[in-house]
$ cat run31.tsv   # TSV, C-alpha atoms
chain	number	residue	atom	x	y	z
H	126	MET	CA	32.05	-74.38	39.33
H	127	SER	CA	35.82	-73.85	38.85
H	128	ILE	CA	37.22	-71.09	36.70
H	129	TYR	CA	38.44	-73.76	34.24
H	130	PHE	CA	34.97	-75.21	33.66
H	131	ARG	CA	33.44	-71.73	33.49
H	132	LEU	CA	35.84	-70.87	30.66
H	133	ILE	CA	35.01	-74.14	28.82
H	134	ALA	CA	31.28	-73.38	29.12
H	135	ILE	CA	31.76	-69.86	27.79
H	136	LEU	CA	33.77	-71.18	24.84
H	137	VAL	CA	31.15	-73.84	24.01
H	138	CYS	CA	28.40	-71.22	24.07
H	139	ALA	CA	30.43	-68.88	21.89
H	140	VAL	CA	31.11	-71.62	19.34
H	141	ALA	CA	27.44	-72.64	19.35
H	142	VAL	CA	26.25	-69.07	18.83
H	143	SER	CA	28.77	-68.59	16.03
H	144	ALA	CA	27.62	-71.80	14.35
H	145	CYS	CA	23.99	-70.75	14.64
H	146	ASP	CA	24.72	-67.32	13.27
H	147	SER	CA	26.64	-68.87	10.38
H	148	ALA	CA	23.75	-71.21	9.59
H	149	ILE	CA	21.30	-68.31	9.63
H	150	GLU	CA	23.56	-66.21	7.41
H	151	ASN	CA	23.89	-69.06	4.89
H	152	GLU	CA	20.19	-69.98	4.72
H	153	PRO	CA	17.93	-68.51	1.98
H	154	VAL	CA	15.13	-66.21	3.14
H	155	PHE	CA	11.67	-66.61	1.62
H	156	HIS	CA	9.58	-63.43	1.62
H	157	PRO	CA	5.89	-64.44	1.36
H	158	GLU	CA	4.93	-60.91	0.33
H	159	GLY	CA	6.47	-57.58	-0.60
H	160	ASN	CA	9.31	-56.75	-2.97
H	161	PRO	CA	12.72	-56.75	-1.24
H	162	ARG	CA	14.91	-53.93	-2.49
H	163	VAL	CA	18.10	-55.92	-2.96
H	164	LEU	CA	18.83	-59.46	-4.10
H	165	SER	CA	20.84	-60.20	-0.96
H	166	ASP	CA	17.64	-59.94	1.08
H	167	TRP	CA	16.73	-63.36	-0.35
H	168	ASN	CA	20.17	-64.76	0.50
H	169	ILE	CA	20.19	-67.33	-2.29
H	170	LEU	CA	23.46	-66.00	-3.75
H	171	GLN	CA	26.43	-64.43	-2.00
H	172	ALA	CA	29.24	-62.49	-3.66
H	173	GLU	CA	32.37	-63.25	-1.65
H	174	ASN	CA	36.00	-64.21	-2.26
H	175	ASP	CA	35.70	-63.29	-5.95
H	176	THR	CA	32.90	-65.81	-6.48
H	177	LEU	CA	29.15	-65.47	-6.73
H	178	ARG	CA	28.16	-68.65	-4.93
H	179	THR	CA	25.02	-70.38	-3.79
H	180	THR	CA	23.98	-70.58	-0.16
H	181	ASP	CA	22.85	-73.70	1.72
H	182	ARG	CA	20.61	-76.13	-0.18
H	183	VAL	CA	20.43	-73.86	-3.22
H	184	LEU	CA	20.86	-76.19	-6.17
H	185	PRO	CA	22.32	-75.04	-9.51
H	186	TYR	CA	20.93	-76.50	-12.72
H	187	ASP	CA	21.11	-76.15	-16.49
H	188	LEU	CA	18.96	-76.91	-19.54
H	189	ASN	CA	19.64	-79.20	-22.48
H	190	SER	CA	18.99	-76.26	-24.81
H	191	PRO	CA	18.68	-72.77	-23.30
H	192	LEU	CA	16.54	-69.90	-24.53
H	193	PHE	CA	18.61	-67.33	-26.46
H	194	THR	CA	19.06	-63.94	-24.78
H	195	ASP	CA	21.55	-61.80	-26.73
H	196	TYR	CA	24.34	-64.36	-26.21
H	197	ALA	CA	24.13	-63.94	-22.43
H	198	HIS	CA	25.27	-66.81	-20.24
H	199	LYS	CA	22.94	-67.91	-17.46
H	200	PHE	CA	23.48	-69.35	-13.99
H	201	ARG	CA	20.28	-71.01	-12.78
H	202	THR	CA	19.41	-72.08	-9.25
H	203	ILE	CA	16.47	-73.51	-7.34
H	204	TRP	CA	15.62	-73.69	-3.63
H	205	MET	CA	12.67	-74.99	-1.65
H	206	PRO	CA	11.92	-74.82	2.09
H	207	GLU	CA	12.93	-77.82	4.18
H	208	GLY	CA	10.40	-80.65	3.90
H	209	SER	CA	8.72	-79.45	0.68
H	210	ALA	CA	9.12	-80.84	-2.83
H	211	ALA	CA	7.94	-80.31	-6.40
H	212	GLN	CA	5.68	-82.90	-8.01
H	213	TYR	CA	6.93	-84.49	-11.22
H	214	ARG	CA	4.98	-83.89	-14.43
H	215	GLU	CA	5.94	-85.59	-17.66
H	216	ASN	CA	5.46	-82.71	-20.09
H	217	ASP	CA	4.47	-79.64	-18.06
H	218	THR	CA	6.37	-77.48	-15.61
H	219	PHE	CA	6.76	-79.29	-12.30
H	220	ASP	CA	4.22	-78.43	-9.59
H	221	PHE	CA	6.35	-76.42	-7.16
H	222	PRO	CA	5.44	-75.81	-3.51
H	223	VAL	CA	4.88	-72.42	-1.92
H	224	GLY	CA	8.26	-71.06	-0.84
H	225	THR	CA	10.15	-72.10	-3.98
H	226	ILE	CA	12.71	-69.56	-5.24
H	227	ILE	CA	14.05	-69.96	-8.78
H	228	SER	CA	16.83	-67.65	-9.92
H	229	LYS	CA	18.49	-66.97	-13.26
H	230	THR	CA	21.58	-64.77	-13.34
H	231	PHE	CA	22.50	-63.30	-16.74
H	232	TYR	CA	26.17	-62.52	-17.35
H	233	TYR	CA	28.86	-62.27	-20.03
H	234	PRO	CA	32.53	-63.22	-20.08
H	235	ARG	CA	34.61	-60.05	-20.12
H	236	ALA	CA	36.32	-59.11	-23.38
H	237	GLU	CA	39.74	-58.22	-22.04
H	238	GLY	CA	41.58	-55.42	-23.83
H	239	HIS	CA	38.51	-54.08	-25.61
H	240	GLY	CA	36.42	-50.98	-25.00
H	241	LEU	CA	35.32	-49.76	-21.62
H	242	VAL	CA	35.80	-52.07	-18.65
H	243	ASN	CA	32.11	-52.54	-17.95
H	244	ASP	CA	30.82	-52.47	-21.51
H	245	ALA	CA	33.09	-54.86	-23.42
H	246	VAL	CA	31.84	-58.44	-23.25
H	247	SER	CA	32.66	-61.58	-25.16
H	248	GLN	CA	30.39	-63.58	-27.48
H	249	SER	CA	30.54	-67.30	-26.78
H	250	ASP	CA	28.25	-70.25	-26.24
H	251	ASP	CA	26.12	-70.33	-23.08
H	252	TYR	CA	28.13	-72.98	-21.25
H	253	ALA	CA	29.90	-73.15	-17.92
H	254	ALA	CA	33.32	-71.76	-18.82
H	255	ASN	CA	33.14	-69.21	-16.01
H	256	LEU	CA	31.49	-71.42	-13.41
H	257	THR	CA	32.84	-73.33	-10.46
H	258	ALA	CA	30.77	-76.11	-8.90
H	259	ARG	CA	28.93	-73.51	-6.79
H	260	GLY	CA	29.01	-70.28	-8.69
H	261	ILE	CA	30.50	-67.67	-11.02
H	262	LEU	CA	34.08	-66.38	-11.00
H	263	LEU	CA	33.45	-62.66	-10.68
H	264	ASP	CA	36.76	-61.40	-12.02
H	265	GLN	CA	36.02	-63.08	-15.36
H	266	VAL	CA	32.49	-61.89	-15.97
H	267	ARG	CA	30.18	-58.91	-16.22
H	268	LEU	CA	27.03	-59.57	-14.22
H	269	ILE	CA	23.92	-58.00	-15.72
H	270	GLU	CA	20.80	-59.10	-13.88
H	271	THR	CA	19.26	-61.82	-11.73
H	272	ARG	CA	15.60	-62.66	-12.29
H	273	LEU	CA	13.65	-64.34	-9.53
H	274	LEU	CA	10.50	-66.40	-9.80
H	275	VAL	CA	9.03	-66.78	-6.32
H	276	ARG	CA	6.19	-69.19	-5.58
H	277	ARG	CA	3.87	-67.44	-3.14
H	278	ALA	CA	0.45	-68.48	-1.83
H	279	ASN	CA	-1.33	-66.58	-4.62
H	280	GLY	CA	0.97	-67.78	-7.42
H	281	TRP	CA	4.34	-66.91	-8.93
H	282	THR	CA	5.89	-63.45	-8.59
H	283	ALA	CA	8.55	-62.24	-11.06
H	284	LEU	CA	11.21	-59.83	-9.76
H	285	PRO	CA	14.12	-58.44	-11.85
H	286	TYR	CA	17.31	-57.35	-10.03
H	287	VAL	CA	20.13	-55.42	-11.77
H	288	TRP	CA	23.72	-55.79	-10.55
H	289	ASN	CA	25.78	-52.79	-9.47
H	290	ASP	CA	29.15	-52.01	-11.09
H	291	GLU	CA	31.03	-53.40	-8.10
H	292	GLN	CA	29.20	-56.75	-8.47
H	293	THR	CA	28.46	-56.84	-4.76
H	294	ASP	CA	24.65	-56.82	-4.95
H	295	ALA	CA	21.73	-56.44	-7.35
H	296	PHE	CA	18.91	-53.94	-6.95
H	297	LEU	CA	15.22	-54.35	-7.76
H	298	LYS	CA	14.25	-52.69	-11.04
H	299	ARG	CA	10.54	-53.42	-11.47
H	300	ALA	CA	10.39	-50.85	-14.28
H	301	GLY	CA	13.19	-52.64	-16.14
H	302	ASP	CA	16.51	-51.26	-17.30
H	303	ILE	CA	18.82	-50.97	-20.31
H	304	GLU	CA	22.53	-51.84	-20.34
H	305	TYR	CA	24.52	-50.71	-23.38
H	306	LEU	CA	27.14	-53.31	-24.28
H	307	GLU	CA	29.84	-54.01	-26.86
H	308	LEU	CA	29.75	-57.68	-27.83
H	309	PHE	CA	33.12	-58.90	-29.18
H	310	GLU	CA	33.64	-62.01	-31.27
H	311	ALA	CA	36.87	-64.01	-31.15
H	312	ASP	CA	38.28	-62.23	-34.24
H	313	GLY	CA	37.89	-58.81	-32.59
H	314	THR	CA	34.85	-57.69	-34.53
H	315	PHE	CA	32.05	-56.39	-32.37
H	316	MET	CA	28.59	-54.91	-32.31
H	317	GLN	CA	27.01	-52.45	-29.94
H	318	PHE	CA	23.54	-53.26	-28.67
H	319	PRO	CA	21.14	-52.41	-25.84
H	320	TYR	CA	20.62	-55.29	-23.42
H	321	VAL	CA	17.06	-54.84	-22.19
H	322	VAL	CA	16.12	-55.94	-18.68
H	323	PRO	CA	12.34	-56.55	-18.88
H	324	ASN	CA	10.01	-54.88	-16.44
H	325	ALA	CA	8.05	-57.04	-14.02
H	326	ASN	CA	4.90	-56.92	-16.17
H	327	GLN	CA	6.75	-57.98	-19.32
H	328	CYS	CA	7.82	-61.21	-17.64
H	329	ALA	CA	4.27	-62.44	-18.20
H	330	GLY	CA	4.83	-62.05	-21.94
H	331	CYS	CA	6.77	-65.31	-21.87
H	332	HIS	CA	5.91	-66.90	-18.53
H	333	ALA	CA	2.11	-66.70	-18.86
H	334	SER	CA	2.10	-69.68	-21.20
H	335	ASN	CA	-1.66	-70.26	-20.88
H	336	ALA	CA	-3.66	-67.53	-22.61
H	337	THR	CA	-6.79	-68.32	-20.60
H	338	THR	CA	-5.48	-68.39	-17.02
H	339	ARG	CA	-2.61	-65.91	-17.64
H	340	GLU	CA	-0.85	-67.47	-14.65
H	341	ILE	CA	2.92	-67.04	-14.56
H	342	GLN	CA	4.85	-70.31	-14.64
H	343	PRO	CA	8.55	-71.19	-14.92
H	344	ILE	CA	9.57	-72.30	-18.42
H	345	GLY	CA	12.78	-74.26	-17.97
H	346	PRO	CA	11.98	-76.69	-15.10
H	347	LYS	CA	10.38	-79.40	-17.21
H	348	SER	CA	11.60	-82.98	-17.39
H	349	ARG	CA	12.71	-82.76	-21.03
H	350	HIS	CA	14.88	-79.70	-20.36
H	351	LEU	CA	16.37	-80.92	-17.06
H	352	ASN	CA	17.08	-84.52	-18.07
H	353	ARG	CA	20.86	-84.17	-18.30
H	354	SER	CA	23.98	-84.35	-16.13
H	355	TYR	CA	25.45	-81.46	-14.15
H	356	ALA	CA	28.89	-81.03	-12.56
H	357	TYR	CA	27.94	-80.66	-8.88
H	358	GLU	CA	30.49	-80.29	-6.08
H	359	GLU	CA	30.05	-83.99	-5.41
H	360	GLY	CA	30.60	-84.91	-9.08
H	361	MET	CA	28.56	-85.47	-12.24
H	362	GLU	CA	24.95	-86.54	-11.70
H	363	ASN	CA	21.69	-86.46	-13.59
H	364	GLN	CA	19.80	-83.33	-12.53
H	365	LEU	CA	16.47	-85.08	-12.03
H	366	THR	CA	17.90	-87.77	-9.77
H	367	LYS	CA	19.81	-85.04	-7.90
H	368	LEU	CA	16.59	-83.08	-7.32
H	369	GLU	CA	15.00	-86.27	-6.03
H	370	SER	CA	17.92	-87.19	-3.76
H	371	VAL	CA	17.97	-83.78	-2.03
H	372	GLY	CA	14.22	-83.90	-1.50
H	373	PHE	CA	13.26	-81.29	-4.11
H	374	LEU	CA	11.32	-83.67	-6.41
H	375	GLU	CA	8.73	-86.39	-5.87
H	376	GLY	CA	7.15	-88.84	-8.32
H	377	LEU	CA	10.14	-89.26	-10.64
H	378	PRO	CA	9.52	-92.38	-12.77
H	379	GLY	CA	12.19	-94.99	-13.23
H	380	SER	CA	12.09	-94.82	-17.03
H	381	GLY	CA	10.44	-93.12	-19.95
H	382	ILE	CA	11.54	-89.60	-18.97
H	383	PRO	CA	11.54	-87.27	-22.01
H	384	GLN	CA	14.77	-85.57	-23.03
H	385	ASN	CA	15.36	-82.72	-25.46
H	386	ALA	CA	18.37	-82.59	-27.71
H	387	VAL	CA	21.24	-80.14	-27.21
H	388	TRP	CA	20.64	-77.69	-30.05
H	389	ASN	CA	24.29	-77.34	-31.14
H	390	ASP	CA	25.52	-80.90	-30.49
H	391	PRO	CA	25.94	-82.77	-33.81
H	392	ALA	CA	25.61	-86.07	-31.96
H	393	TYR	CA	21.86	-85.44	-32.17
H	394	SER	CA	19.93	-85.44	-35.43
H	395	LEU	CA	19.27	-82.18	-37.25
H	396	ASP	CA	15.53	-82.62	-36.71
H	397	ALA	CA	15.94	-83.24	-32.95
H	398	ARG	CA	18.18	-80.20	-32.53
H	399	ALA	CA	15.93	-77.84	-34.48
H	400	ARG	CA	12.81	-79.06	-32.69
H	401	SER	CA	14.54	-78.63	-29.32
H	402	TYR	CA	15.60	-75.09	-30.26
H	403	LEU	CA	12.09	-74.11	-31.35
H	404	ASP	CA	10.64	-75.72	-28.23
H	405	ILE	CA	12.65	-73.71	-25.69
H	406	ASN	CA	12.57	-70.45	-27.65
H	407	CYS	CA	9.02	-70.49	-28.99
H	408	SER	CA	6.67	-73.07	-27.48
H	409	HIS	CA	5.86	-71.10	-24.31
H	410	CYS	CA	3.72	-68.94	-26.65
H	411	HIS	CA	3.27	-71.27	-29.61
H	412	ASN	CA	1.35	-74.10	-27.98
H	413	THR	CA	-2.23	-75.28	-28.03
H	414	VAL	CA	-3.30	-72.99	-25.15
H	415	GLY	CA	-0.61	-70.28	-25.32
H	416	PRO	CA	-0.74	-66.58	-26.19
H	417	ALA	CA	-0.09	-67.48	-29.84
H	418	ASP	CA	-2.64	-70.30	-29.98
H	419	THR	CA	-4.73	-68.46	-32.59
H	420	SER	CA	-1.79	-68.60	-35.01
H	421	GLY	CA	-2.26	-72.35	-35.33
H	422	LEU	CA	1.53	-72.68	-35.13
H	423	HIS	CA	2.68	-75.06	-32.38
H	424	PHE	CA	6.30	-75.74	-31.49
H	425	GLU	CA	5.84	-78.26	-28.69
H	426	PRO	CA	8.07	-81.32	-29.27
H	427	TRP	CA	5.10	-83.67	-29.76
H	428	THR	CA	3.56	-81.56	-32.53
H	429	GLU	CA	3.29	-83.78	-35.59
H	430	PHE	CA	5.08	-82.83	-38.78
H	431	GLY	CA	2.60	-80.87	-40.83
H	432	ALA	CA	0.52	-77.68	-40.80
H	433	HIS	CA	0.58	-77.11	-37.02
H	434	LEU	CA	4.38	-77.17	-37.21
H	435	GLY	CA	4.14	-74.53	-39.92
H	436	VAL	CA	4.89	-76.79	-42.87
H	437	CYS	CA	3.08	-75.41	-45.93
H	438	LYS	CA	0.86	-73.38	-43.60
H	439	THR	CA	-0.16	-69.88	-44.64
H	440	SER	CA	0.20	-67.38	-41.82
H	441	VAL	CA	-2.66	-65.60	-40.08
H	442	SER	CA	-0.33	-62.62	-39.66
H	443	ALA	CA	-0.66	-59.78	-42.13
H	444	GLY	CA	1.59	-57.12	-43.58
H	445	ALA	CA	5.22	-56.75	-42.61
H	446	GLY	CA	5.17	-59.79	-40.30
H	447	THR	CA	5.10	-62.18	-43.24
H	448	GLY	CA	7.90	-60.58	-45.23
H	449	ASN	CA	5.72	-61.24	-48.28
H	450	ARG	CA	6.40	-64.97	-47.82
H	451	LEU	CA	3.57	-67.40	-48.29
H	452	TYR	CA	4.25	-70.19	-45.80
H	453	ASP	CA	5.45	-70.31	-42.18
H	454	ILE	CA	7.79	-73.11	-43.30
H	455	ASP	CA	8.35	-73.66	-47.01
H	456	PRO	CA	10.12	-77.06	-47.24
H	457	GLY	CA	13.50	-76.82	-48.94
H	458	ASN	CA	13.25	-73.05	-49.06
H	459	PRO	CA	14.37	-71.37	-45.80
H	460	GLY	CA	14.71	-68.04	-47.63
H	461	GLY	CA	11.02	-68.19	-48.43
H	462	SER	CA	9.84	-69.18	-44.95
H	463	ILE	CA	8.15	-66.73	-42.57
H	464	VAL	CA	9.70	-68.40	-39.51
H	465	THR	CA	13.28	-67.60	-40.56
H	466	PHE	CA	12.29	-64.12	-41.71
H	467	ARG	CA	11.02	-63.29	-38.23
H	468	MET	CA	14.00	-64.95	-36.52
H	469	GLU	CA	16.36	-62.76	-38.57
H	470	SER	CA	14.61	-59.50	-37.72
H	471	THR	CA	15.16	-57.17	-34.77
H	472	LYS	CA	12.21	-54.92	-35.60
H	473	PRO	CA	9.68	-54.98	-32.74
H	474	ASP	CA	6.68	-55.50	-35.03
H	475	ILE	CA	8.32	-58.37	-36.91
H	476	MET	CA	10.81	-60.28	-34.78
H	477	MET	CA	10.16	-63.54	-33.01
H	478	PRO	CA	10.38	-64.09	-30.14
H	479	GLU	CA	8.82	-60.71	-29.46
H	480	LEU	CA	10.70	-60.22	-26.17
H	481	GLY	CA	14.05	-61.16	-24.73
H	482	ARG	CA	16.50	-60.17	-27.43
H	483	SER	CA	17.93	-57.15	-29.23
H	484	THR	CA	20.22	-59.18	-31.49
H	485	VAL	CA	19.87	-62.03	-33.97
H	486	HIS	CA	20.99	-65.50	-32.92
H	487	ASN	CA	22.87	-66.28	-36.12
H	488	GLU	CA	23.72	-69.83	-35.12
H	489	GLY	CA	20.10	-70.57	-34.23
H	490	VAL	CA	18.92	-69.13	-37.53
H	491	GLU	CA	21.38	-71.30	-39.44
H	492	LEU	CA	20.19	-74.38	-37.56
H	493	VAL	CA	16.55	-73.77	-38.48
H	494	LYS	CA	17.50	-72.90	-42.06
H	495	GLY	CA	19.40	-76.18	-42.36
H	496	TRP	CA	16.40	-78.05	-40.95
H	497	ILE	CA	14.04	-76.46	-43.48
H	498	SER	CA	16.51	-77.02	-46.32
H	499	ALA	CA	16.57	-80.75	-45.55
H	500	MET	CA	12.77	-81.06	-45.94
H	501	THR	CA	11.68	-82.70	-49.19
H	502	GLU	CA	7.93	-82.06	-49.04
H	503	THR	CA	6.22	-79.76	-51.54
H	504	CYS	CA	3.45	-77.25	-50.95
H	505	GLY	CA	0.35	-76.98	-53.11
H	506	PRO	CA	-0.25	-78.67	-56.46
H	507	GLU	CA	2.80	-80.23	-58.07

$ encode --input "run31.tsv" --output "structure tokens"
Amino acid sequence: MSIYFRLIAILVCAVAVSACDSAIENEPVFHPEGNPRVLSDWNILQAENDTLRTTDRVLPYDLNSPLFTDYAHKFRTIWMPEGSAAQYRENDTFDFPVGTIISKTFYYPRAEGHGLVNDAVSQSDDYAANLTARGILLDQVRLIETRLLVRRANGWTALPYVWNDEQTDAFLKRAGDIEYLELFEADGTFMQFPYVVPNANQCAGCHASNATTREIQPIGPKSRHLNRSYAYEEGMENQLTKLESVGFLEGLPGSGIPQNAVWNDPAYSLDARARSYLDINCSHCHNTVGPADTSGLHFEPWTEFGAHLGVCKTSVSAGAGTGNRLYDIDPGNPGGSIVTFRMESTKPDIMMPELGRSTVHNEGVELVKGWISAMTETCGPE
């Protein structure tokens, strides 16, 4: 073989090896057991060129109405091994295959010119102001944590990772963590609060939505939450049809797919928005088989208007948890309803939800108050 052809062969091999290495570096890594020390060991997200971006075949997604977590923004992703797919379910969490990795990265926009560099964050709606089509613009945000739900052979594993100050990687904190933040509103007023990263065991407090099996399940990946459009790199597309087209979802029906309202979009009715808000924030416990099933209070979207929705229902809770109010929901009287009392509290023995927040979601409270105020029913004898 001539020197010329030898050189060509060497170059082809070098290019091929480089391409293979690049593919390996950009492919997520599923760990069937153990607890990797750093988030990068999973290789679902990479912090490079001032962007926290997804790796190959990691699909971002969003929810019609997200669960409130101290005004944190959230970047959600999902990945499944090649050739595997989730099975569609109309009302329940999809049936995900072993190897699925679901991530949720919590972050805040930085509040420029206020407080300490790492502590001052901005209060704004949980929407994609700091996102590109593939990730988060790091110079604009303060990363807090990334929570993983990993579908292993014996069920789901929850792993919380906390980001370092340099925002180059996140480290496993199974015992949880606390980040002290200053949350600034647009007018410059602010509050200081402890952002609590839950420990691995506390994750079951929300994700074990069946009180009998106590199995951890994802909350967000249900048809009614995912049935919306997302701005992918390729353009706007419905998330469910996108999941199907990339091979992540099977059994998607052609019609009749449920859809929750966007809680703060006035294009939807007040009832639809309030019910959607209570569904995502409360129904993982308050359902017919959930940890709060004995309360008789159910916030699933198909719960009929009446006692199970809390209307004119006396609470099984005692003492401080009722706020000396008689009914869970007193129609026309939000100030006399137990539901709003518990939403407005930050005391551990009173507040609802019990986990996941250290602050009050004022906008959410006002939505539910408006919903109760619009009710015209009366409780008890007229």

$ atom_distance --input "run31.tsv" --atom1 "CA of Leu263 (chain H)" --atom2 "CA of Gln292 (chain H)"
7.6 Å

$ closest_atom_pairs --input "run31.tsv" --of "region 174-202 of chain H" --to "region 155-169 of chain H" --cutoff "9 Å" --atoms "only C-alpha atoms" --output "JSON lines"
{"residue": "H:Arg178", "atom": "CA", "partner": "H:Ile169", "partner_atom": "CA", "distance": 8.5}
{"residue": "H:Thr179", "atom": "CA", "partner": "H:Ile169", "partner_atom": "CA", "distance": 5.9}
{"residue": "H:Thr180", "atom": "CA", "partner": "H:Ile169", "partner_atom": "CA", "distance": 5.4}
{"residue": "H:Asp181", "atom": "CA", "partner": "H:Ile169", "partner_atom": "CA", "distance": 8.0}
{"residue": "H:Val183", "atom": "CA", "partner": "H:Ile169", "partner_atom": "CA", "distance": 6.6}
{"residue": "H:Thr202", "atom": "CA", "partner": "H:Ile169", "partner_atom": "CA", "distance": 8.5}

$ write_last_selection --input "run31.tsv" --atoms "C-alpha atoms" --output "compact mmCIF listing (two decimals), in the frame of the given file"
# COMPACT_ATOMS: atom_id res chain seq x y z
CA ARG H 178 28.16 -68.65 -4.93
CA THR H 179 25.02 -70.38 -3.79
CA THR H 180 23.98 -70.58 -0.16
CA ASP H 181 22.85 -73.70 1.72
CA VAL H 183 20.43 -73.86 -3.22
CA THR H 202 19.41 -72.08 -9.25

$ residues_around --input "run31.tsv" --residues "Val322 (chain H)" --least-positions-apart "5" --cutoff "9 Å" --atoms "all atoms listed in the file" --output "list in words"
Ile269, Glu270, Pro285, Tyr286, Val287, Lys298, Ala300, Gly301, Asp302, Ile303, Glu304 and Gly481 of chain H

$ atom_distance --input "run31.tsv" --atom1 "CA of Arg400 (chain H)" --atom2 "CA of Ile463 (chain H)"
16.5 Å

$ closest_residue --input "run31.tsv" --among "H:Tyr357, H:Trp281, H:Phe296, H:Tyr196" --to "Asn487 (chain H)" --atoms "all atoms listed in the file"
H:Tyr196

$ atom_distance --input "run31.tsv" --atom1 "CA of Ser370 (chain H)" --atom2 "CA of Arg272 (chain H)"
26.1 Å

$ residues_around --input "run31.tsv" --residues "region 382-397 of chain H" --least-positions-apart "3" --cutoff "9 Å" --atoms "all atoms listed in the file" --output "number ranges by chain"
H: 188-191, 215-216, 348-353, 377-379, 400-402, 404, 426, 488-489, 492-493, 495-496, 499

$ closest_residue --input "run31.tsv" --among "H:Cys407, H:Leu434, H:Met500, H:Ala325" --to "Glu479 (chain H)" --atoms "only C-alpha atoms"
H:Cys407

$ residues_around --input "run31.tsv" --residues "Ser420 (chain H)" --least-positions-apart "5" --cutoff "12 Å" --atoms "only C-alpha atoms" --output "MDAnalysis selection string"
chainID H and resid 410:415 432:435 438:443 453

$ write_last_selection --input "run31.tsv" --atoms "C-alpha atoms" --output "PDB file, in the coordinates of the input"
ATOM      1  CA  CYS H 410       3.720 -68.940 -26.650  1.00  0.00           C
ATOM      2  CA  HIS H 411       3.270 -71.270 -29.610  1.00  0.00           C
ATOM      3  CA  ASN H 412       1.350 -74.100 -27.980  1.00  0.00           C
ATOM      4  CA  THR H 413      -2.230 -75.280 -28.030  1.00  0.00           C
ATOM      5  CA  VAL H 414      -3.300 -72.990 -25.150  1.00  0.00           C
ATOM      6  CA  GLY H 415      -0.610 -70.280 -25.320  1.00  0.00           C
ATOM      7  CA  ALA H 432       0.520 -77.680 -40.800  1.00  0.00           C
ATOM      8  CA  HIS H 433       0.580 -77.110 -37.020  1.00  0.00           C
ATOM      9  CA  LEU H 434       4.380 -77.170 -37.210  1.00  0.00           C
ATOM     10  CA  GLY H 435       4.140 -74.530 -39.920  1.00  0.00           C
ATOM     11  CA  LYS H 438       0.860 -73.380 -43.600  1.00  0.00           C
ATOM     12  CA  THR H 439      -0.160 -69.880 -44.640  1.00  0.00           C
ATOM     13  CA  SER H 440       0.200 -67.380 -41.820  1.00  0.00           C
ATOM     14  CA  VAL H 441      -2.660 -65.600 -40.080  1.00  0.00           C
ATOM     15  CA  SER H 442      -0.330 -62.620 -39.660  1.00  0.00           C
ATOM     16  CA  ALA H 443      -0.660 -59.780 -42.130  1.00  0.00           C
ATOM     17  CA  ASP H 453       5.450 -70.310 -42.180  1.00  0.00           C
TER      18      ASP H 453
END

$ closest_residue --input "run31.tsv" --among "H:Glu369, H:Glu152, H:Glu502, H:Asp474" --to "Pro206 (chain H)" --atoms "all atoms listed in the file"
H:Glu152

$ closest_residue --input "run31.tsv" --among "H:Thr293, H:Thr176, H:Thr501, H:Thr428" --to "Asp264 (chain H)" --atoms "all atoms listed in the file"
H:Thr176

$ decode --input "run31.tsv" --residues "region 392-402 of chain H" --atoms "N, CA and C atoms" --output "JSON list (two decimals), in the first residue's frame"
[["chain", "number", "residue", "atom", "x", "y", "z"],
["H", 392, "ALA", "N", -57.87, 32.37, 29.60],
["H", 392, "ALA", "CA", -58.63, 31.79, 28.49],
["H", 392, "ALA", "C", -59.43, 30.58, 28.94],
["H", 393, "TYR", "N", -59.00, 29.96, 30.05],
["H", 393, "TYR", "CA", -59.73, 28.84, 30.63],
["H", 393, "TYR", "C", -60.68, 29.36, 31.71],
["H", 394, "SER", "N", -61.70, 28.58, 32.00],
["H", 394, "SER", "CA", -62.67, 28.99, 33.02],
["H", 394, "SER", "C", -62.02, 28.97, 34.40],
["H", 395, "LEU", "N", -62.59, 29.73, 35.30],
["H", 395, "LEU", "CA", -62.09, 29.76, 36.69],
["H", 395, "LEU", "C", -62.15, 28.37, 37.30],
["H", 396, "ASP", "N", -63.23, 27.64, 37.07],
["H", 396, "ASP", "CA", -63.36, 26.31, 37.63],
["H", 396, "ASP", "C", -62.28, 25.38, 37.08],
["H", 397, "ALA", "N", -62.03, 25.43, 35.77],
["H", 397, "ALA", "CA", -61.02, 24.55, 35.15],
["H", 397, "ALA", "C", -59.64, 24.87, 35.69],
["H", 398, "ARG", "N", -59.34, 26.14, 35.88],
["H", 398, "ARG", "CA", -58.00, 26.53, 36.35],
["H", 398, "ARG", "C", -57.79, 26.12, 37.81],
["H", 399, "ALA", "N", -58.80, 26.33, 38.65],
["H", 399, "ALA", "CA", -58.67, 25.95, 40.05],
["H", 399, "ALA", "C", -58.58, 24.44, 40.21],
["H", 400, "ARG", "N", -59.37, 23.70, 39.45],
["H", 400, "ARG", "CA", -59.34, 22.25, 39.53],
["H", 400, "ARG", "C", -58.00, 21.71, 39.04],
["H", 401, "SER", "N", -57.44, 22.33, 38.00],
["H", 401, "SER", "CA", -56.13, 21.92, 37.50],
["H", 401, "SER", "C", -55.05, 22.18, 38.54],
["H", 402, "TYR", "N", -55.12, 23.33, 39.21],
["H", 402, "TYR", "CA", -54.15, 23.70, 40.23],
["H", 402, "TYR", "C", -54.21, 22.71, 41.41]]
